[in-house]
Amino acid sequence: MNWFLRGVFGGIRTTRYPKKPETTPGTTPGFPVRAEHADAQQRSLTLVCPTSALVESGDAVDVRDDRCVHCMRCAPGVAPSPLTWRYDPQWAHATRGTIEDAALGGTFRRSMHVRVVDAGDCGACLSEILHLNDPLYNMHRLGIFITPTPRQADVLLVVGPVTEQMRLPLLEAYEAMPEPKRVLAIGACAASGGVFGPSFTSAGGVADVLPVDLVVPGCPPPPLAIIDALLALAGSRAR
């Protein structure tokens, strides 16, 4: 009875994203952005970045977001002269053409099925994906569903750098999907190999094995960034 009353008086707690921006603190860890006119201290951050995600380019600091693992060494409150960070969830970018080119559109805006494949993930990205069905995010309200079989999947969502043991199963899952189909790489490892690849045990990201349509960088990316990418593939991104 107490749970029922809490639900009645507490109201709906599900995020209104994408209809309204999500402003609750902690929903995204943030992301560094390019510094056009970086000072000497900001340029020195390229030397302490463990994954070479920061690259000095003249008086600017470029950010290779596919390699960022959120070590926070360039973040406000940590670095003496930090880079500017963004806190929106729209992290996805297309690898071929534009995001609009990757969109399935049509009926997929109301019903899109996703097959998740762990291709060697450390567990961080998978834990964020598990939150997609939590009451706060509830991706079912957006017409996005997880399917256990690639034969019913419209999107192949891959996490991890693709270990040698998962290369063949990943290819088989992709080949079993009906057309049209899209591939979504989630996390720094899936985007570039991260801290694990390329190596003798893993690829340098999903694109080394499959044609990737969208990438969501981050280590790990938050649930809203993943939802935003899925909405982009469905053709209903809030932009």
# chains A, B, ... in the order shown; residues from 1 in each chain; ligands from 1
>>> closest_atom_pairs(of="region 75-184 of chain A", to="region 208-230 of chain A", cutoff="6 Å", atoms="only C-alpha atoms", output="tab-separated table")
residue	atom	partner	partner_atom	distance
A:Pro89	CA	A:Ala225	CA	4.4
A:Gln90	CA	A:Ala225	CA	5.7
A:Trp91	CA	A:Val216	CA	5.8
A:Ala92	CA	A:Val216	CA	4.5
A:His93	CA	A:Val215	CA	5.6
A:Ala94	CA	A:Leu214	CA	4.5
A:Thr95	CA	A:Asp213	CA	5.6
A:Ala124	CA	A:Pro220	CA	5.8
A:Cys125	CA	A:Pro220	CA	5.0
A:Glu128	CA	A:Pro223	CA	5.6
A:Val183	CA	A:Val212	CA	5.0
A:Leu184	CA	A:Leu214	CA	5.0
>>> select_by_dssp(residues="region 2-239 of chain A", states="strand (DSSP E or B)", output="ChimeraX atom specification")
/A:31-32,35,54-57,60-63,85-86,93-94,112-118,144-146,155-159,163,182-186,202,214-216
>>> select_by_dssp(residues="region 110-199 of chain A", states="helix (DSSP H, G or I)", output="PDB file with C-alpha atoms, in the first residue's frame")
ATOM      1  CA  ALA A 124      30.700  -0.417 -18.043  1.00  0.00           C
ATOM      2  CA  CYS A 125      28.825   0.180 -21.311  1.00  0.00           C
ATOM      3  CA  LEU A 126      26.599  -2.835 -20.708  1.00  0.00           C
ATOM      4  CA  SER A 127      25.600  -1.473 -17.317  1.00  0.00           C
ATOM      5  CA  GLU A 128      24.480   1.767 -18.965  1.00  0.00           C
ATOM      6  CA  ILE A 129      22.475  -0.157 -21.563  1.00  0.00           C
ATOM      7  CA  LEU A 130      20.688  -2.041 -18.786  1.00  0.00           C
ATOM      8  CA  HIS A 131      19.399   1.289 -17.500  1.00  0.00           C
ATOM      9  CA  LEU A 132      17.564   1.951 -20.776  1.00  0.00           C
ATOM     10  CA  ASN A 133      14.620  -0.089 -19.505  1.00  0.00           C
ATOM     11  CA  MET A 139      12.881   3.456 -23.904  1.00  0.00           C
ATOM     12  CA  HIS A 140       9.719   1.445 -24.661  1.00  0.00           C
ATOM     13  CA  ARG A 141       7.776   4.720 -24.547  1.00  0.00           C
ATOM     14  CA  LEU A 142       9.794   5.756 -27.614  1.00  0.00           C
ATOM     15  CA  PRO A 150      19.311 -10.784 -34.776  1.00  0.00           C
ATOM     16  CA  ARG A 151      16.698 -12.155 -37.183  1.00  0.00           C
ATOM     17  CA  GLN A 152      14.204  -9.676 -35.755  1.00  0.00           C
ATOM     18  CA  GLU A 164      39.176 -12.316 -31.595  1.00  0.00           C
ATOM     19  CA  GLN A 165      36.759 -14.764 -29.944  1.00  0.00           C
ATOM     20  CA  MET A 166      33.792 -12.493 -30.732  1.00  0.00           C
ATOM     21  CA  ARG A 167      34.710 -11.547 -34.291  1.00  0.00           C
ATOM     22  CA  LEU A 168      32.923 -14.509 -35.926  1.00  0.00           C
ATOM     23  CA  PRO A 169      29.803 -14.410 -33.697  1.00  0.00           C
ATOM     24  CA  LEU A 170      29.486 -10.679 -34.397  1.00  0.00           C
ATOM     25  CA  LEU A 171      29.715 -11.239 -38.152  1.00  0.00           C
ATOM     26  CA  GLU A 172      27.142 -14.024 -37.956  1.00  0.00           C
ATOM     27  CA  ALA A 173      24.747 -11.807 -36.009  1.00  0.00           C
ATOM     28  CA  TYR A 174      25.108  -9.059 -38.595  1.00  0.00           C
ATOM     29  CA  GLU A 175      24.564 -11.407 -41.518  1.00  0.00           C
ATOM     30  CA  ALA A 176      21.414 -12.835 -39.895  1.00  0.00           C
ATOM     31  CA  GLY A 187      31.663   3.424 -26.117  1.00  0.00           C
ATOM     32  CA  ALA A 188      35.307   4.278 -26.695  1.00  0.00           C
ATOM     33  CA  CYS A 189      36.300   0.631 -27.118  1.00  0.00           C
ATOM     34  CA  ALA A 190      33.732   0.024 -29.845  1.00  0.00           C
ATOM     35  CA  ALA A 191      34.630   3.340 -31.465  1.00  0.00           C
ATOM     36  CA  SER A 192      38.421   3.079 -31.562  1.00  0.00           C
TER      37      SER A 192
END
>>> atom_distance(atom1="CA of Pro29 (chain A)", atom2="CA of Thr14 (chain A)")
19.5 Å
>>> residues_around(residues="region 110-119 of chain A", least_positions_apart="3", cutoff="8 Å", atoms="only C-alpha atoms", output="list in words")
Thr107, Leu126, Leu142, Gly143, Ile144, Phe145, Ile146, Thr147, Pro148, Thr149, Pro150, Gln152, Ala153, Asp154, Val155, Leu156, Leu157, Val158, Val159, Gly160, Pro161, Val162, Thr163, Met166, Arg167, Leu170 and Ala234 of chain A
>>> write_last_selection(atoms="N, CA and C atoms", output="compact mmCIF listing (two decimals), in the first residue's frame")
# COMPACT_ATOMS: atom_id res chain seq x y z
N THR A 107 8.21 3.62 -40.56
CA THR A 107 7.58 2.92 -39.45
C THR A 107 8.54 2.67 -38.30
N LEU A 126 27.76 -1.96 -20.88
CA LEU A 126 26.60 -2.83 -20.71
C LEU A 126 25.74 -2.39 -19.53
N LEU A 142 9.33 5.17 -26.36
CA LEU A 142 9.79 5.76 -27.61
C LEU A 142 9.71 4.76 -28.77
N GLY A 143 9.16 3.58 -28.51
CA GLY A 143 9.04 2.57 -29.55
C GLY A 143 10.33 1.82 -29.83
N ILE A 144 11.21 1.75 -28.84
CA ILE A 144 12.49 1.05 -29.00
C ILE A 144 12.48 -0.17 -28.09
N PHE A 145 12.81 -1.34 -28.66
CA PHE A 145 12.72 -2.59 -27.92
C PHE A 145 13.98 -3.42 -28.14
N ILE A 146 14.35 -4.17 -27.10
CA ILE A 146 15.47 -5.11 -27.19
C ILE A 146 14.94 -6.45 -27.66
N THR A 147 15.63 -7.07 -28.62
CA THR A 147 15.23 -8.38 -29.11
C THR A 147 16.37 -9.38 -28.86
N PRO A 148 16.04 -10.64 -28.54
CA PRO A 148 17.10 -11.62 -28.28
C PRO A 148 17.68 -12.25 -29.54
N THR A 149 17.10 -11.97 -30.69
CA THR A 149 17.57 -12.60 -31.91
C THR A 149 17.89 -11.56 -32.99
N PRO A 150 18.99 -11.73 -33.70
CA PRO A 150 19.31 -10.78 -34.78
C PRO A 150 18.36 -10.88 -35.96
N GLN A 152 15.28 -10.63 -35.92
CA GLN A 152 14.20 -9.68 -35.75
C GLN A 152 14.73 -8.27 -35.46
N ALA A 153 16.03 -8.07 -35.62
CA ALA A 153 16.65 -6.81 -35.22
C ALA A 153 16.79 -5.86 -36.41
N ASP A 154 16.55 -4.60 -36.13
CA ASP A 154 16.78 -3.53 -37.10
C ASP A 154 18.13 -2.86 -36.86
N VAL A 155 18.57 -2.87 -35.60
CA VAL A 155 19.83 -2.23 -35.21
C VAL A 155 20.68 -3.22 -34.44
N LEU A 156 21.95 -3.30 -34.80
CA LEU A 156 22.91 -4.10 -34.06
C LEU A 156 23.72 -3.14 -33.19
N LEU A 157 23.51 -3.22 -31.88
CA LEU A 157 24.19 -2.35 -30.93
C LEU A 157 25.36 -3.13 -30.35
N VAL A 158 26.58 -2.65 -30.59
CA VAL A 158 27.78 -3.39 -30.21
C VAL A 158 28.58 -2.62 -29.18
N VAL A 159 29.00 -3.31 -28.12
CA VAL A 159 29.90 -2.74 -27.12
C VAL A 159 31.17 -3.59 -27.06
N GLY A 160 32.29 -2.95 -26.77
CA GLY A 160 33.56 -3.67 -26.69
C GLY A 160 34.38 -3.52 -27.96
N PRO A 161 35.68 -3.78 -27.88
CA PRO A 161 36.60 -3.57 -29.01
C PRO A 161 36.61 -4.69 -30.04
N VAL A 162 35.76 -5.68 -29.87
CA VAL A 162 35.67 -6.89 -30.71
C VAL A 162 36.91 -7.76 -30.52
N THR A 163 36.84 -8.61 -29.54
CA THR A 163 37.93 -9.57 -29.31
C THR A 163 37.94 -10.61 -30.42
N MET A 166 35.12 -12.99 -30.39
CA MET A 166 33.79 -12.49 -30.73
C MET A 166 33.68 -12.01 -32.17
N ARG A 167 34.76 -12.04 -32.91
CA ARG A 167 34.71 -11.55 -34.29
C ARG A 167 33.71 -12.36 -35.14
N LEU A 170 30.00 -12.00 -34.03
CA LEU A 170 29.49 -10.68 -34.40
C LEU A 170 29.13 -10.64 -35.88
N ALA A 234 16.22 5.86 -35.71
CA ALA A 234 14.79 5.72 -36.00
C ALA A 234 14.26 6.87 -36.85
>>> closest_residue(among="A:Trp85, A:Leu104, A:Asp134, A:Lys181", to="Gly235 (chain A)", atoms="only C-alpha atoms")
A:Leu104
>>> closest_residue(among="A:Glu100, A:Arg73, A:Gln42, A:Arg6", to="Val61 (chain A)", atoms="only C-alpha atoms")
A:Gln42
